[in-house]
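The data block below is my_file-v7.cif; it holds mmCIF, C-alpha atoms and all ligand atoms.
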data_start
loop_
_atom_site.label_atom_id
_atom_site.label_comp_id
_atom_site.auth_asym_id
_atom_site.auth_seq_id
_atom_site.Cartn_x
_atom_site.Cartn_y
_atom_site.Cartn_z
CA MET A 14 -14.71 6.47 23.26
CA THR A 15 -13.66 6.20 19.66
CA ASN A 16 -9.95 6.23 18.91
CA ILE A 17 -9.08 8.00 15.69
CA ILE A 18 -6.03 6.25 14.26
CA ASP A 19 -3.60 8.96 13.19
CA GLY A 20 -1.95 7.64 10.02
CA ASN A 21 0.05 10.82 9.54
CA ARG A 22 1.67 10.46 12.97
CA ILE A 23 2.38 6.74 12.60
CA ALA A 24 3.78 7.18 9.07
CA GLN A 25 6.04 9.99 10.34
CA GLU A 26 7.29 7.72 13.13
CA ILE A 27 8.11 5.03 10.52
CA ARG A 28 9.85 7.51 8.20
CA ASN A 29 11.98 8.64 11.15
CA GLU A 30 12.96 5.01 11.82
CA ILE A 31 13.78 4.49 8.13
CA LYS A 32 15.87 7.65 8.05
CA ALA A 33 17.93 6.45 11.02
CA LYS A 34 18.40 2.98 9.46
CA THR A 35 19.41 4.59 6.16
CA GLU A 36 22.13 6.60 7.88
CA ARG A 37 23.30 3.43 9.66
CA LEU A 38 23.38 1.48 6.39
CA LYS A 39 25.45 4.20 4.74
CA LEU A 40 28.01 4.08 7.57
CA ASP A 41 28.10 0.29 7.87
CA THR A 42 28.55 -0.34 4.15
CA ALA A 43 30.80 2.55 3.18
CA GLY A 44 28.16 4.36 1.23
CA ILE A 45 25.18 2.23 0.15
CA VAL A 46 22.19 4.54 -0.32
CA PRO A 47 18.76 2.97 -1.00
CA GLY A 48 17.69 3.93 -4.53
CA LEU A 49 14.12 4.03 -5.85
CA ALA A 50 13.10 4.49 -9.49
CA VAL A 51 9.53 5.63 -10.08
CA MET A 52 8.01 5.42 -13.56
CA LEU A 53 4.93 7.30 -14.69
CA VAL A 54 3.32 6.79 -18.09
CA GLY A 55 0.80 9.45 -19.11
CA ASP A 56 -0.47 12.39 -17.11
CA ASP A 57 -3.20 11.13 -14.82
CA PRO A 58 -3.45 14.01 -12.28
CA ALA A 59 -3.82 11.76 -9.21
CA SER A 60 -0.85 9.62 -10.30
CA LYS A 61 1.27 12.75 -10.76
CA ILE A 62 0.52 13.79 -7.18
CA TYR A 63 1.40 10.32 -5.84
CA VAL A 64 4.68 10.24 -7.77
CA LYS A 65 5.63 13.67 -6.41
CA ARG A 66 4.85 12.50 -2.85
CA LYS A 67 7.04 9.44 -3.32
CA GLU A 68 9.93 11.63 -4.49
CA ASN A 69 9.51 13.98 -1.51
CA ALA A 70 9.41 11.02 0.89
CA CYS A 71 12.65 9.65 -0.61
CA ASN A 72 14.34 13.00 -0.05
CA GLU A 73 13.11 13.16 3.54
CA VAL A 74 14.66 9.82 4.53
CA GLY A 75 17.89 10.25 2.55
CA PHE A 76 17.21 7.88 -0.35
CA TYR A 77 18.42 8.32 -3.89
CA SER A 78 15.44 8.63 -6.23
CA ARG A 79 15.01 8.78 -9.96
CA GLU A 80 11.86 9.64 -11.85
CA TYR A 81 10.93 8.52 -15.37
CA LYS A 82 8.05 10.29 -17.08
CA PHE A 83 6.74 8.97 -20.38
CA PRO A 84 4.02 10.43 -22.58
CA ALA A 85 0.69 8.55 -22.62
CA ASP A 86 1.28 7.10 -26.12
CA THR A 87 4.62 5.45 -25.18
CA ASP A 88 4.68 1.84 -26.36
CA GLU A 89 5.07 -1.13 -24.06
CA LYS A 90 8.50 -2.01 -25.50
CA THR A 91 9.96 1.33 -24.41
CA VAL A 92 8.71 0.88 -20.85
CA LEU A 93 10.01 -2.71 -20.79
CA ALA A 94 13.44 -1.58 -22.03
CA THR A 95 13.67 0.96 -19.19
CA ILE A 96 12.71 -1.70 -16.64
CA ASP A 97 15.36 -3.99 -18.09
CA ALA A 98 18.03 -1.29 -17.65
CA LEU A 99 16.87 -0.57 -14.08
CA ASN A 100 16.96 -4.29 -13.22
CA GLN A 101 20.71 -4.15 -14.05
CA ASP A 102 21.36 -0.80 -12.33
CA ALA A 103 23.25 -1.26 -9.04
CA ALA A 104 22.19 2.19 -7.76
CA ILE A 105 18.52 1.20 -7.94
CA HIS A 106 17.11 -1.18 -5.30
CA GLY A 107 13.41 -0.57 -5.95
CA ILE A 108 11.40 -0.09 -9.15
CA LEU A 109 7.83 1.19 -9.09
CA VAL A 110 5.62 1.68 -12.13
CA GLN A 111 2.69 3.88 -11.15
CA LEU A 112 -0.70 2.32 -11.90
CA PRO A 113 -3.07 2.63 -13.68
CA LEU A 114 -1.25 2.44 -17.02
CA PRO A 115 -2.72 3.65 -20.33
CA GLY A 116 -5.04 1.04 -21.91
CA HIS A 117 -2.60 -0.10 -24.63
CA ILE A 118 -0.04 -1.25 -22.04
CA ASN A 119 -0.66 -4.59 -20.36
CA PRO A 120 0.11 -4.12 -16.63
CA ALA A 121 0.90 -7.84 -16.21
CA HIS A 122 3.71 -7.57 -18.80
CA ILE A 123 5.16 -4.58 -16.96
CA ILE A 124 4.91 -6.06 -13.46
CA GLU A 125 6.40 -9.39 -14.55
CA ALA A 126 9.38 -7.63 -16.16
CA ILE A 127 10.51 -6.18 -12.83
CA ASP A 128 13.16 -8.20 -10.96
CA PRO A 129 11.18 -9.62 -7.97
CA ALA A 130 14.01 -8.47 -5.66
CA LYS A 131 13.37 -4.87 -6.84
CA ASP A 132 9.57 -5.16 -6.93
CA VAL A 133 9.01 -2.89 -3.92
CA ASP A 134 5.27 -2.72 -4.75
CA GLY A 135 5.02 -6.46 -4.06
CA PHE A 136 2.91 -6.96 -7.19
CA HIS A 137 5.11 -9.50 -9.04
CA PRO A 138 3.60 -13.02 -9.12
CA VAL A 139 6.76 -14.33 -7.42
CA ASN A 140 6.21 -12.01 -4.45
CA ILE A 141 2.46 -12.75 -4.35
CA GLY A 142 3.26 -16.49 -4.41
CA ARG A 143 5.78 -16.08 -1.62
CA LEU A 144 3.23 -14.15 0.43
CA LEU A 145 0.69 -16.92 -0.19
CA THR A 146 3.10 -19.59 1.04
CA GLY A 147 4.43 -17.61 4.01
CA GLN A 148 7.92 -16.88 2.67
CA THR A 149 9.91 -13.68 3.04
CA CYS A 150 9.00 -11.28 0.24
CA HIS A 151 8.17 -7.71 -0.72
CA MET A 152 4.58 -7.16 0.40
CA ALA A 153 2.13 -4.76 -1.24
CA CYS A 154 2.38 -1.39 0.49
CA THR A 155 -1.22 -0.46 1.26
CA PRO A 156 -2.17 -3.75 2.96
CA LYS A 157 1.20 -3.85 4.72
CA GLY A 158 0.50 -0.31 5.94
CA ILE A 159 -2.88 -1.44 7.30
CA MET A 160 -1.22 -4.27 9.27
CA GLU A 161 1.27 -1.75 10.65
CA LEU A 162 -1.55 0.65 11.67
CA LEU A 163 -3.30 -2.20 13.52
CA ASP A 164 -0.08 -3.32 15.25
CA ARG A 165 1.03 0.16 16.24
CA SER A 166 -2.45 0.93 17.60
CA GLY A 167 -2.27 -2.12 19.88
CA ILE A 168 -5.07 -3.99 18.09
CA LYS A 169 -4.88 -7.78 18.45
CA ILE A 170 -5.43 -9.72 15.21
CA GLU A 171 -5.24 -13.39 16.20
CA GLY A 172 -8.65 -15.04 16.47
CA LYS A 173 -10.52 -11.94 15.30
CA GLU A 174 -13.23 -11.85 12.62
CA ALA A 175 -11.82 -9.66 9.86
CA VAL A 176 -14.03 -8.63 6.96
CA ILE A 177 -12.56 -7.02 3.84
CA VAL A 178 -14.87 -5.25 1.40
CA GLY A 179 -13.08 -5.25 -1.97
CA ARG A 180 -10.96 -7.87 -3.72
CA SER A 181 -8.38 -5.93 -5.74
CA ASN A 182 -4.90 -7.31 -6.43
CA ILE A 183 -3.42 -4.21 -4.75
CA VAL A 184 -5.38 -4.25 -1.48
CA GLY A 185 -8.12 -6.84 -0.86
CA LYS A 186 -6.38 -10.04 -1.95
CA PRO A 187 -2.94 -9.43 -0.37
CA LEU A 188 -4.58 -8.11 2.82
CA PHE A 189 -6.57 -11.33 3.02
CA LEU A 190 -3.28 -13.28 3.01
CA MET A 191 -1.62 -11.01 5.59
CA LEU A 192 -4.55 -11.21 8.04
CA LEU A 193 -4.81 -14.96 7.56
CA ALA A 194 -1.09 -15.36 8.26
CA ARG A 195 -1.72 -13.59 11.58
CA ASN A 196 -4.49 -16.06 12.47
CA ALA A 197 -7.55 -13.89 11.86
CA THR A 198 -10.69 -15.48 10.42
CA VAL A 199 -11.01 -13.55 7.17
CA THR A 200 -13.97 -12.97 4.88
CA VAL A 201 -13.64 -11.11 1.57
CA CYS A 202 -16.79 -9.40 0.24
CA HIS A 203 -17.37 -7.99 -3.23
CA THR A 204 -20.07 -6.66 -5.54
CA LYS A 205 -21.80 -10.06 -5.77
CA THR A 206 -21.92 -10.64 -2.00
CA LYS A 207 -25.59 -11.35 -1.25
CA ASP A 208 -26.19 -9.58 2.04
CA LEU A 209 -23.21 -7.30 2.56
CA ALA A 210 -24.48 -5.71 5.78
CA GLU A 211 -25.05 -9.11 7.34
CA VAL A 212 -21.39 -10.00 6.70
CA THR A 213 -19.86 -6.65 7.67
CA ARG A 214 -21.78 -6.70 10.99
CA ARG A 215 -19.80 -9.82 11.97
CA ALA A 216 -16.50 -7.96 11.76
CA ASP A 217 -14.27 -7.25 14.73
CA ILE A 218 -11.99 -5.62 12.16
CA LEU A 219 -13.69 -4.17 9.08
CA ILE A 220 -11.62 -2.99 6.12
CA ALA A 221 -13.39 -0.97 3.42
CA ALA A 222 -11.46 -1.08 0.14
CA ALA A 223 -14.15 -1.02 -2.52
CA GLY A 224 -13.61 2.45 -3.98
CA LYS A 225 -17.23 3.51 -3.40
CA ALA A 226 -17.85 6.74 -1.52
CA GLU A 227 -19.34 6.30 1.98
CA MET A 228 -20.80 2.87 1.20
CA ILE A 229 -20.23 1.54 4.74
CA ARG A 230 -23.10 3.01 6.76
CA GLY A 231 -23.56 3.04 10.55
CA ASP A 232 -25.94 0.07 10.60
CA MET A 233 -23.38 -2.12 8.79
CA VAL A 234 -20.88 -1.97 11.67
CA ARG A 235 -20.89 -3.88 14.92
CA GLU A 236 -20.62 -1.84 18.12
CA GLY A 237 -16.94 -1.68 19.13
CA ALA A 238 -15.49 -2.74 15.76
CA VAL A 239 -12.15 -1.51 14.39
CA VAL A 240 -12.81 0.21 11.06
CA ILE A 241 -10.08 0.79 8.47
CA ASP A 242 -11.00 2.98 5.49
CA VAL A 243 -8.86 2.55 2.37
CA GLY A 244 -11.12 4.61 0.07
CA ILE A 245 -10.25 8.01 -1.36
CA ASN A 246 -13.22 9.41 -3.28
CA ARG A 247 -13.74 12.95 -4.55
CA LEU A 248 -17.39 13.99 -4.34
CA GLY A 249 -19.14 16.33 -6.77
CA ASP A 250 -18.87 19.19 -4.27
CA GLY A 251 -15.09 18.69 -4.08
CA ARG A 252 -15.06 16.96 -0.68
CA LEU A 253 -12.65 14.05 -0.18
CA VAL A 254 -14.31 11.09 1.53
CA GLY A 255 -13.52 7.45 2.19
CA ASP A 256 -15.56 4.29 1.62
CA VAL A 257 -16.90 4.70 5.18
CA ALA A 258 -19.60 7.19 6.21
CA PHE A 259 -17.37 8.54 8.98
CA ALA A 260 -19.98 10.56 10.93
CA GLU A 261 -22.30 7.54 11.21
CA VAL A 262 -19.66 4.87 11.80
CA SER A 263 -17.18 6.56 14.15
CA PRO A 264 -19.52 6.67 17.21
CA ARG A 265 -20.00 2.87 16.93
CA SER A 266 -16.35 1.93 16.41
CA SER A 267 -13.57 1.44 18.96
CA HIS A 268 -10.95 2.60 16.41
CA ILE A 269 -11.36 4.22 13.00
CA THR A 270 -9.04 5.69 10.37
CA PRO A 271 -9.91 9.11 8.92
CA VAL A 272 -9.73 10.09 5.24
CA PRO A 273 -7.41 11.79 4.53
CA GLY A 274 -4.74 11.06 7.13
CA GLY A 275 -5.41 7.37 7.81
CA VAL A 276 -4.22 4.61 5.49
CA GLY A 277 -2.96 6.96 2.73
CA PRO A 278 0.32 8.12 4.33
CA MET A 279 1.15 4.54 5.34
CA THR A 280 1.42 3.33 1.74
CA ILE A 281 4.43 5.53 0.99
CA ALA A 282 6.03 4.73 4.36
CA MET A 283 5.84 1.01 3.48
CA LEU A 284 7.27 1.68 0.02
CA LEU A 285 10.28 3.31 1.68
CA GLY A 286 10.56 0.36 4.07
CA ASN A 287 10.53 -2.16 1.20
CA THR A 288 13.20 -0.15 -0.66
CA LEU A 289 15.40 -0.02 2.44
CA ASN A 290 14.98 -3.80 2.89
CA ALA A 291 15.95 -4.36 -0.75
CA ALA A 292 19.11 -2.26 -0.25
CA MET A 293 19.98 -4.10 2.97
CA VAL A 294 19.53 -7.54 1.39
CA GLY A 295 21.63 -6.36 -1.57
CA ALA A 296 24.34 -5.19 0.84
CA GLN A 297 24.50 -8.68 2.41
CA THR A 298 24.84 -10.52 -0.91
CA ASP A 299 27.07 -8.10 -2.86
N1 LIG A 301 -1.65 3.07 -7.91
C1 LIG A 301 -2.43 3.11 -6.78
N2 LIG A 301 -1.79 2.53 -5.75
C2 LIG A 301 -0.60 2.09 -6.22
C3 LIG A 301 0.50 1.43 -5.62
O1 LIG A 301 0.50 1.06 -4.43
N3 LIG A 301 1.55 1.19 -6.44
C4 LIG A 301 1.56 1.54 -7.75
N4 LIG A 301 2.62 1.24 -8.48
N5 LIG A 301 0.56 2.16 -8.34
C5 LIG A 301 -0.51 2.45 -7.56
#
Turn the structure described in the file into structure tokens.
Amino acid sequence: MTNIIDGNRIAQEIRNEIKAKTERLKLDTAGIVPGLAVMLVGDDPASKIYVKRKENACNEVGFYSREYKFPADTDEKTVLATIDALNQDAAIHGILVQLPLPGHINPAHIIEAIDPAKDVDGFHPVNIGRLLTGQTCHMACTPKGIMELLDRSGIKIEGKEAVIVGRSNIVGKPLFLMLLARNATVTVCHTKTKDLAEVTRRADILIAAAGKAEMIRGDMVREGAVVIDVGINRLGDGRLVGDVAFAEVSPRSSHITPVPGGVGPMTIAMLLGNTLNAAMVGAQTD
């Protein structure tokens, strides 16, 4: 029997927990409300949808949120000046700059300008370095959400063969570190991997994060594997599919995430969690 991992249900459960903790924080600190600033440069339609979802999620759990929208031709200096102001702003505990940015803006300059304590995306080199060395830090939301899905579905990680397809800074690389920290044996595959199917067939836990529609076929998956699909791809006929060919792979897997409704909702839930943590740490040191 295949278990379909319900990301919508698990993310809702986490948002409920965050809402309760937010109310508690407000009472315990005489009024601290977690604050998230979201910045969007340009008008990429997918990014606009994500930013709207983040705002709605903030409202649901009782956070304060602020949105900054800049036209696509905004120069880097203007974005950096806004980040600088938000770094100093006591009402803001988390700063998120929606990626991708227009080509004339260097994302490394933007990410490195954010105070690591407010970098709720976990993209700043300080947070990545802390993750690498096993220190407390903000962790990137999508891979953190995957770890949470595995844990809340009762899937053991220690000693397992985990195979990640995709090596992005946002998903593949930080997920590698998180799985390794939990004592999995982790392999990261990419476009130059010689025999991809041979590697993916070794996986007890297979994570597809390559951004290529339905590239993981049935014969690439070991019987009984846990399959996590990070992909969101729009096909020519308008259908939304993951990086996993769901109809072929699901009968072989013990657990699988659907698209949509798997990993996607977890990313925003983790963003809220990181923002709450930032506010709680701030409350201890203020
Ligand atoms: N674009 C796609 N995913 C993400 C994310 O997790 N954070 C930000 N800032 N931009 C993204």
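Shortest separation to A:Val276 among A:Gly237, A:Gly255, A:Gly224, A:Gly48 occurs at residue A:Gly255, atoms counted being all atoms listed in the file.
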(request) Identify the residues around (11.7, 0.4, -5.8) within a radius of 12 Å, measuring from all atoms listed in the file in the coordinates stated by the file, and give them as a ChimeraX atom specification. (result) /A:47-52,67-68,71,76-80,96,99-100,102,104-111,127-136,151,153-154,281,283-292
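Closest approach to A:Arg165 from the set A:Ile27, A:Met14, A:Val294, A:Leu144 is made by A:Ile27, with distances taken over all atoms listed in the file.
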(message) Just the number, please: distance in Å from atom CA of A:Gly116 to atom CA of A:Arg143, one decimal.
(response) 28.7 Å
(request) Give me the residues within 9 Å of stretch 90-92 of chain A as a list of chain:residue names, counting only C-alpha atoms and dropping any in the same chain fewer than 6 places off. (result) A:Met52, A:Val54, A:Phe83, A:Ile123
Dump C-alpha atoms for the selected residues as a PDB file, in the frame of the given file?
ATOM      1  CA  MET A  52       8.010   5.420 -13.560  1.00  0.00           C
ATOM      2  CA  VAL A  54       3.320   6.790 -18.090  1.00  0.00           C
ATOM      3  CA  PHE A  83       6.740   8.970 -20.380  1.00  0.00           C
ATOM      4  CA  ILE A 123       5.160  -4.580 -16.960  1.00  0.00           C
TER       5      ILE A 123
END
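Between atom CA of A:Asp88 and atom CA of A:His117 the interatomic distance comes to 7.7 Å.
With distances taken over all atoms listed in the file, A:Ile183 is the one residue among A:Ile183, A:Met228, A:Ile18, A:Val46 lying closest to ligand LIG 301 (chain A).
Between atom CA of A:Thr270 and atom CA of A:Leu192 lies a distance of 17.6 Å.
Candidate residues A:Val201, A:Ile31, A:Ala121, A:Leu114 were compared for distance to ligand LIG 301 (chain A), and the nearest is A:Leu114, using all atoms listed in the file.
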(request) Could you tell me which of A:Lys157, A:Lys82, A:Arg195, A:Arg28 comes closest to ligand LIG 301 (chain A) if we count only C-alpha atoms and all ligand atoms? (result) A:Lys157
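Using only C-alpha atoms for every distance, the candidate list A:Leu163, A:Leu253, A:Ile229, A:Val272 yields A:Ile229 as the residue closest to A:Leu209.
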I'd like the contact shell of A:Pro115 - 9 Å cut-off, all atoms listed in the file, skipping same-chain residues fewer than 2 positions apart - returned as an mmCIF file with C-alpha atoms, in the frame of the given file.
data_model
loop_
_atom_site.group_PDB
_atom_site.id
_atom_site.type_symbol
_atom_site.label_atom_id
_atom_site.label_comp_id
_atom_site.auth_asym_id
_atom_site.auth_seq_id
_atom_site.Cartn_x
_atom_site.Cartn_y
_atom_site.Cartn_z
ATOM 1 C CA VAL A 54 3.320 6.790 -18.090
ATOM 2 C CA GLY A 55 0.800 9.450 -19.110
ATOM 3 C CA ALA A 85 0.690 8.550 -22.620
ATOM 4 C CA ASP A 86 1.280 7.100 -26.120
ATOM 5 C CA THR A 87 4.620 5.450 -25.180
ATOM 6 C CA LEU A 112 -0.700 2.320 -11.900
ATOM 7 C CA PRO A 113 -3.070 2.630 -13.680
ATOM 8 C CA HIS A 117 -2.600 -0.100 -24.630
ATOM 9 C CA ILE A 118 -0.040 -1.250 -22.040
ATOM 10 C CA ASN A 119 -0.660 -4.590 -20.360
#
(message) Need to verify the contact set: A:Gly185, 12 Å, all atoms listed in the file, exclusion of same-chain residues closer than 4 positions in sequence. Can you return it as number ranges by chain?
(response) A: 153-157, 159, 175-181, 189-192, 199-203, 219-224, 243-244
